[in-house]
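Encoded as structure tokens, the structure appears first; notes follow it.
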Amino acid sequence: MTNTVAKSADCLSRLRIDRWLNGELGDGAAERAHCASCARCAALVTAHRDERAAFAIPLAAPAIAREAPLRSRRTGWAIGTALLAAALCVWLIAPPPAPPHIVSFEAATREKGRPVLNLYVKRGERIHRGSDGERVYPGDSLGFTASTAEPRFIAIISIDGARTVSVYYPQAAAAAPLPAGRDQLLPFSVRLDGVLGRERLHGVFCDRAVAVEDLRAALAGNAAIPAGCTVDTIAIDKQAPS
Amino acid sequence: MMERGVLEQLYRDHAPAVLRRARQILQNEDAARDALQDIFLALASHMTFELRASTTGWFYTRTTNYCLNRLRDERNRARLRLERGTSAATAAPPRGEAVVLARDVLAQLPPVLAEVAVYYYCDEMTHDEIAALLGCSRRHVGHLVEQLRRNTAITAAEANGDPSGDTSDARGCG
């Protein structure tokens, strides 16, 4: 749709209109007041309402969620026997509000231009973005997003305080394809077990589908990181609940 | 699995906007409908969805990134098939006071500029709104918009002296 009507600085964006119609802007008094004196915005709001009223595409029936193994190390359950009837534990994360201080987009990459791994922590029903050195507790669940300017192949490998190396993602022989994009949610999560101490989560980004075992060996210190791969690491500190 | 009722409520509230925006970005009805279903069906396997004030913003971001990734994937596949070089796509020419963002323009832009292009030109967001979605400063959004203009050579009539950086002319998305 091409909109050629002039708009002023006070005019409503489509996001703001949708947020208003979704009840996210309180009573919408400011929006109503503006629309009362702005034909452009009044027409756009009407168009949004009409679009909602006319929407008639049904949601397809979700496929049965596949069972996923609980990634719980040293709990006495081998992964092969620890399949639960729960769905894949990937959850939605709403974007955080804009920080009060100035944040440069470049600063969001730990090194400009390099792929970035981000951590999210789910504790109970609350989710927050984790940072390097994040304090976590047994029972917390971890989720990850990845950002890359170029298509890459990704693997997530963990090394705990006992130098135990675990491949979190993918459950495949080679690193998984990751298209270029920002904050792409990875389709897996990890529920933390009772083993305490510092753990390092390595996001390995390669320019080809490198064998996961090669990456595992490299991070265990038994081989060099394959050429064409970069690593972004997040450390977590697993402590006993207080 | 997410409760069906919760999923259906999310669908009722957000599906129209998801479809509208997918149509704008992908400029293909079938692809837009696929995007709609994929985005919501991906939610079905979630245990919980914590509704927050920025839920609409989340769907905006998710739809934008999904569609831009799809455009880039399609472009890469087409390029590999045709074994062409990396000649730059021609920016869509301005049409009067409105500008159309071509699929190939979006597909070839760096990811963050493509995302800003969608928010700025298709959704007509303010710099503040874009900054909130990107998690960066408003000032940085201004820089990205300027960079976007240089990259795409899109010209439009803009009002000068608008402190918010918003323009008086709207831009459509095809």
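Each chain of the structure tokens is named A, B, ... in the order shown, its residues numbered from 1; ligands are numbered from 1 in display order.
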Discussion item. Give me, as JSON, numbers by chain, all polymer residues having an atom no more than 8 Å from Asp214 of chain A, counting only C-alpha atoms and skipping those fewer than 3 positions away in the same chain.
Written reply: {"A": [210, 211, 217, 218, 223, 226]}
*Surrounding residues of segment 131-144 of chain A excluding itself and chain neighbours under 4 positions, 7 Å, only C-alpha atoms, as a ChimeraX atom specification*: /A:90,117-123,185-186,188-194,234-241
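Closest approach to chain B from the set A:Leu44, A:Cys35, A:Ala60, A:Cys206 is made by A:Ala60, with distances taken over only C-alpha atoms.
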| message | Can you tell me which residues surround Leu113 of chain B at a distance of at most 12 Å, considering only C-alpha atoms, apart from same-chain residues fewer than 3 positions away, and format the answer as a PyMOL selection string? | response | (chain A and resi 105+149+181-182) or (chain B and resi 64-65+68+105-110+116-121+130+134+140-152)
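For the set B:Asn28, B:Thr61, B:Ser137, B:Gln9, the residue with the smallest atom-to-atom gap to chain A is B:Ser137, counting only C-alpha atoms.
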inquiry  = I'd like the neighbourhood of Asp38 of chain B as an NGL selection string, where a residue qualifies if any of its atoms comes within 10 Å (using only C-alpha atoms), though same-chain residues fewer than 2 positions away should be ignored.
reply    = (:A and (59-60 or 62)) or (:B and (32-36 or 40-43 or 63 or 66))
Any chance you can output those residues with N, CA and C atoms as an mmCIF file, in the first residue's frame?
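Printed below is result-v9.cif as written:
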```
data_model
loop_
_atom_site.group_PDB
_atom_site.id
_atom_site.type_symbol
_atom_site.label_atom_id
_atom_site.label_comp_id
_atom_site.auth_asym_id
_atom_site.auth_seq_id
_atom_site.Cartn_x
_atom_site.Cartn_y
_atom_site.Cartn_z
ATOM 1 N N LEU A 59 -6.094 -20.074 11.846
ATOM 2 C CA LEU A 59 -4.777 -20.568 12.232
ATOM 3 C C LEU A 59 -4.759 -22.067 12.005
ATOM 4 N N ALA A 60 -3.711 -22.525 11.323
ATOM 5 C CA ALA A 60 -3.608 -23.960 11.084
ATOM 6 C C ALA A 60 -3.424 -24.679 12.406
ATOM 7 N N PRO A 62 -1.697 -26.651 15.127
ATOM 8 C CA PRO A 62 -0.285 -26.862 15.399
ATOM 9 C C PRO A 62 0.073 -28.324 15.289
ATOM 10 N N ALA B 32 3.418 -14.443 2.230
ATOM 11 C CA ALA B 32 2.958 -13.741 3.426
ATOM 12 C C ALA B 32 2.093 -14.654 4.291
ATOM 13 N N ARG B 33 1.239 -15.434 3.669
ATOM 14 C CA ARG B 33 0.393 -16.344 4.443
ATOM 15 C C ARG B 33 1.238 -17.450 5.080
ATOM 16 N N ASP B 34 2.255 -17.900 4.370
ATOM 17 C CA ASP B 34 3.163 -18.876 4.971
ATOM 18 C C ASP B 34 3.835 -18.280 6.199
ATOM 19 N N ALA B 35 4.265 -17.035 6.063
ATOM 20 C CA ALA B 35 4.925 -16.370 7.186
ATOM 21 C C ALA B 35 3.984 -16.279 8.377
ATOM 22 N N LEU B 36 2.731 -15.922 8.110
ATOM 23 C CA LEU B 36 1.742 -15.807 9.181
ATOM 24 C C LEU B 36 1.624 -17.123 9.945
ATOM 25 N N PHE B 40 3.108 -17.995 13.946
ATOM 26 C CA PHE B 40 2.229 -18.375 15.054
ATOM 27 C C PHE B 40 2.363 -19.850 15.424
ATOM 28 N N LEU B 41 2.564 -20.702 14.457
ATOM 29 C CA LEU B 41 2.710 -22.119 14.801
ATOM 30 C C LEU B 41 3.990 -22.363 15.591
ATOM 31 N N ALA B 42 4.987 -21.523 15.386
ATOM 32 C CA ALA B 42 6.204 -21.643 16.189
ATOM 33 C C ALA B 42 5.918 -21.350 17.659
ATOM 34 N N LEU B 43 4.856 -20.599 17.912
ATOM 35 C CA LEU B 43 4.498 -20.308 19.293
ATOM 36 C C LEU B 43 3.828 -21.496 19.969
ATOM 37 N N THR B 63 8.124 -10.605 12.903
ATOM 38 C CA THR B 63 7.671 -10.621 11.522
ATOM 39 C C THR B 63 8.723 -10.026 10.605
ATOM 40 N N TYR B 66 11.731 -12.416 10.341
ATOM 41 C CA TYR B 66 11.354 -13.617 9.584
ATOM 42 C C TYR B 66 11.323 -13.310 8.089
#
```
Within 10 Å of Val165 of chain A, counting only C-alpha atoms, which residues qualify if same-chain residues fewer than 5 places away don't, as a count of residues only?
11
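Of the listed residues (A:Ala180, A:Val195, A:Ala224, A:Ala36), A:Ala180 comes nearest to chain B; the distances count only C-alpha atoms.
The nearest approach to chain B among the residues A:Phe205, A:Tyr168, A:Phe55, A:Phe153, with only C-alpha atoms taken into account, belongs to A:Phe55.
Excluding Ala39 of chain A and any residue on its chain fewer than 3 positions from it, the residues at most 12 Å away by only C-alpha atoms are Val5, Ala6, Lys7, Ser8, Cys11, Leu12, Arg32, Ala33, His34, Cys35, Ala36, Ala42, Ala43, Leu44, Val45 and Thr46 of chain A.
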Pull all heavy atoms from the residues just selected and write them as a compact mmCIF listing (two decimals), in the first residue's frame.
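Final output, saved to result_11.txt:
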```txt
# COMPACT_ATOMS: atom_id res chain seq x y z
N VAL A 5 -0.31 10.52 1.86
CA VAL A 5 -0.84 11.62 2.66
C VAL A 5 0.26 12.13 3.56
O VAL A 5 0.98 11.36 4.19
CB VAL A 5 -2.04 11.13 3.50
CG1 VAL A 5 -2.54 12.27 4.36
CG2 VAL A 5 -3.13 10.60 2.59
N ALA A 6 0.36 13.45 3.61
CA ALA A 6 1.38 14.05 4.44
C ALA A 6 1.12 13.74 5.91
O ALA A 6 -0.02 13.70 6.36
CB ALA A 6 1.41 15.55 4.21
N LYS A 7 2.17 13.55 6.66
CA LYS A 7 2.04 13.28 8.08
C LYS A 7 2.89 14.26 8.85
O LYS A 7 3.90 14.77 8.36
CB LYS A 7 2.42 11.85 8.42
CG LYS A 7 3.88 11.51 8.22
CD LYS A 7 4.16 10.02 8.43
CE LYS A 7 4.14 9.64 9.87
NZ LYS A 7 5.35 10.02 10.61
N SER A 8 2.46 14.55 10.04
CA SER A 8 3.20 15.45 10.90
C SER A 8 3.98 14.65 11.91
O SER A 8 3.84 13.43 12.01
CB SER A 8 2.23 16.40 11.62
OG SER A 8 1.50 15.67 12.60
N CYS A 11 1.88 12.55 14.18
CA CYS A 11 1.05 11.49 13.62
C CYS A 11 1.43 10.12 14.15
O CYS A 11 2.57 9.87 14.58
CB CYS A 11 1.13 11.51 12.09
SG CYS A 11 0.14 12.83 11.35
N LEU A 12 0.46 9.22 14.13
CA LEU A 12 0.64 7.89 14.70
C LEU A 12 1.31 6.95 13.71
O LEU A 12 0.93 6.88 12.55
CB LEU A 12 -0.72 7.31 15.11
CG LEU A 12 -1.60 8.18 15.99
CD1 LEU A 12 -2.90 7.46 16.32
CD2 LEU A 12 -0.89 8.59 17.27
N ARG A 32 -6.65 9.17 20.73
CA ARG A 32 -8.00 9.63 20.31
C ARG A 32 -7.99 11.12 20.06
O ARG A 32 -8.59 11.60 19.09
CB ARG A 32 -9.03 9.27 21.39
CG ARG A 32 -9.51 7.82 21.33
CD ARG A 32 -10.83 7.69 22.07
NE ARG A 32 -10.69 8.10 23.46
CZ ARG A 32 -10.23 7.32 24.42
NH1 ARG A 32 -9.87 6.08 24.14
NH2 ARG A 32 -10.12 7.75 25.66
N ALA A 33 -7.33 11.85 20.94
CA ALA A 33 -7.28 13.31 20.78
C ALA A 33 -6.61 13.69 19.47
O ALA A 33 -7.05 14.60 18.76
CB ALA A 33 -6.54 13.94 21.97
N HIS A 34 -5.54 12.99 19.13
CA HIS A 34 -4.85 13.31 17.88
C HIS A 34 -5.73 13.00 16.69
O HIS A 34 -5.83 13.78 15.74
CB HIS A 34 -3.53 12.55 17.79
CG HIS A 34 -2.84 12.75 16.48
ND1 HIS A 34 -2.10 13.89 16.19
CD2 HIS A 34 -2.80 11.98 15.36
CE1 HIS A 34 -1.63 13.80 14.97
NE2 HIS A 34 -2.03 12.66 14.44
N CYS A 35 -6.37 11.83 16.72
CA CYS A 35 -7.21 11.43 15.58
C CYS A 35 -8.39 12.37 15.38
O CYS A 35 -8.91 12.51 14.27
CB CYS A 35 -7.71 10.00 15.78
SG CYS A 35 -6.42 8.74 15.57
N ALA A 36 -8.81 13.01 16.48
CA ALA A 36 -9.94 13.93 16.36
C ALA A 36 -9.60 15.13 15.48
O ALA A 36 -10.50 15.78 14.94
CB ALA A 36 -10.36 14.40 17.75
N ALA A 42 -6.90 9.43 11.50
CA ALA A 42 -8.24 8.87 11.69
C ALA A 42 -8.53 7.82 10.61
O ALA A 42 -9.07 6.75 10.90
CB ALA A 42 -9.28 9.98 11.64
N ALA A 43 -8.13 8.13 9.39
CA ALA A 43 -8.34 7.18 8.30
C ALA A 43 -7.49 5.94 8.47
O ALA A 43 -7.93 4.82 8.18
CB ALA A 43 -8.02 7.86 6.96
N LEU A 44 -6.27 6.13 8.96
CA LEU A 44 -5.38 4.98 9.14
C LEU A 44 -5.91 4.07 10.26
O LEU A 44 -5.87 2.84 10.13
CB LEU A 44 -3.97 5.46 9.45
CG LEU A 44 -2.84 4.45 9.29
CD1 LEU A 44 -2.83 3.85 7.90
CD2 LEU A 44 -1.49 5.11 9.60
N VAL A 45 -6.40 4.66 11.33
CA VAL A 45 -6.96 3.85 12.42
C VAL A 45 -8.17 3.06 11.91
O VAL A 45 -8.35 1.88 12.22
CB VAL A 45 -7.33 4.73 13.62
CG1 VAL A 45 -8.13 3.93 14.65
CG2 VAL A 45 -6.08 5.31 14.26
N THR A 46 -9.00 3.76 11.12
CA THR A 46 -10.17 3.06 10.55
C THR A 46 -9.72 1.89 9.68
O THR A 46 -10.32 0.81 9.73
CB THR A 46 -11.00 4.05 9.71
OG1 THR A 46 -11.49 5.08 10.58
CG2 THR A 46 -12.18 3.34 9.05
```
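Nearest residue to chain B among A:Cys38, A:Pro179, A:Ser166, A:Gly221 is A:Pro179, counting only C-alpha atoms.
Here atom CA of Arg126 of chain A and atom CA of Trp58 of chain B stand 16.1 Å from one another.
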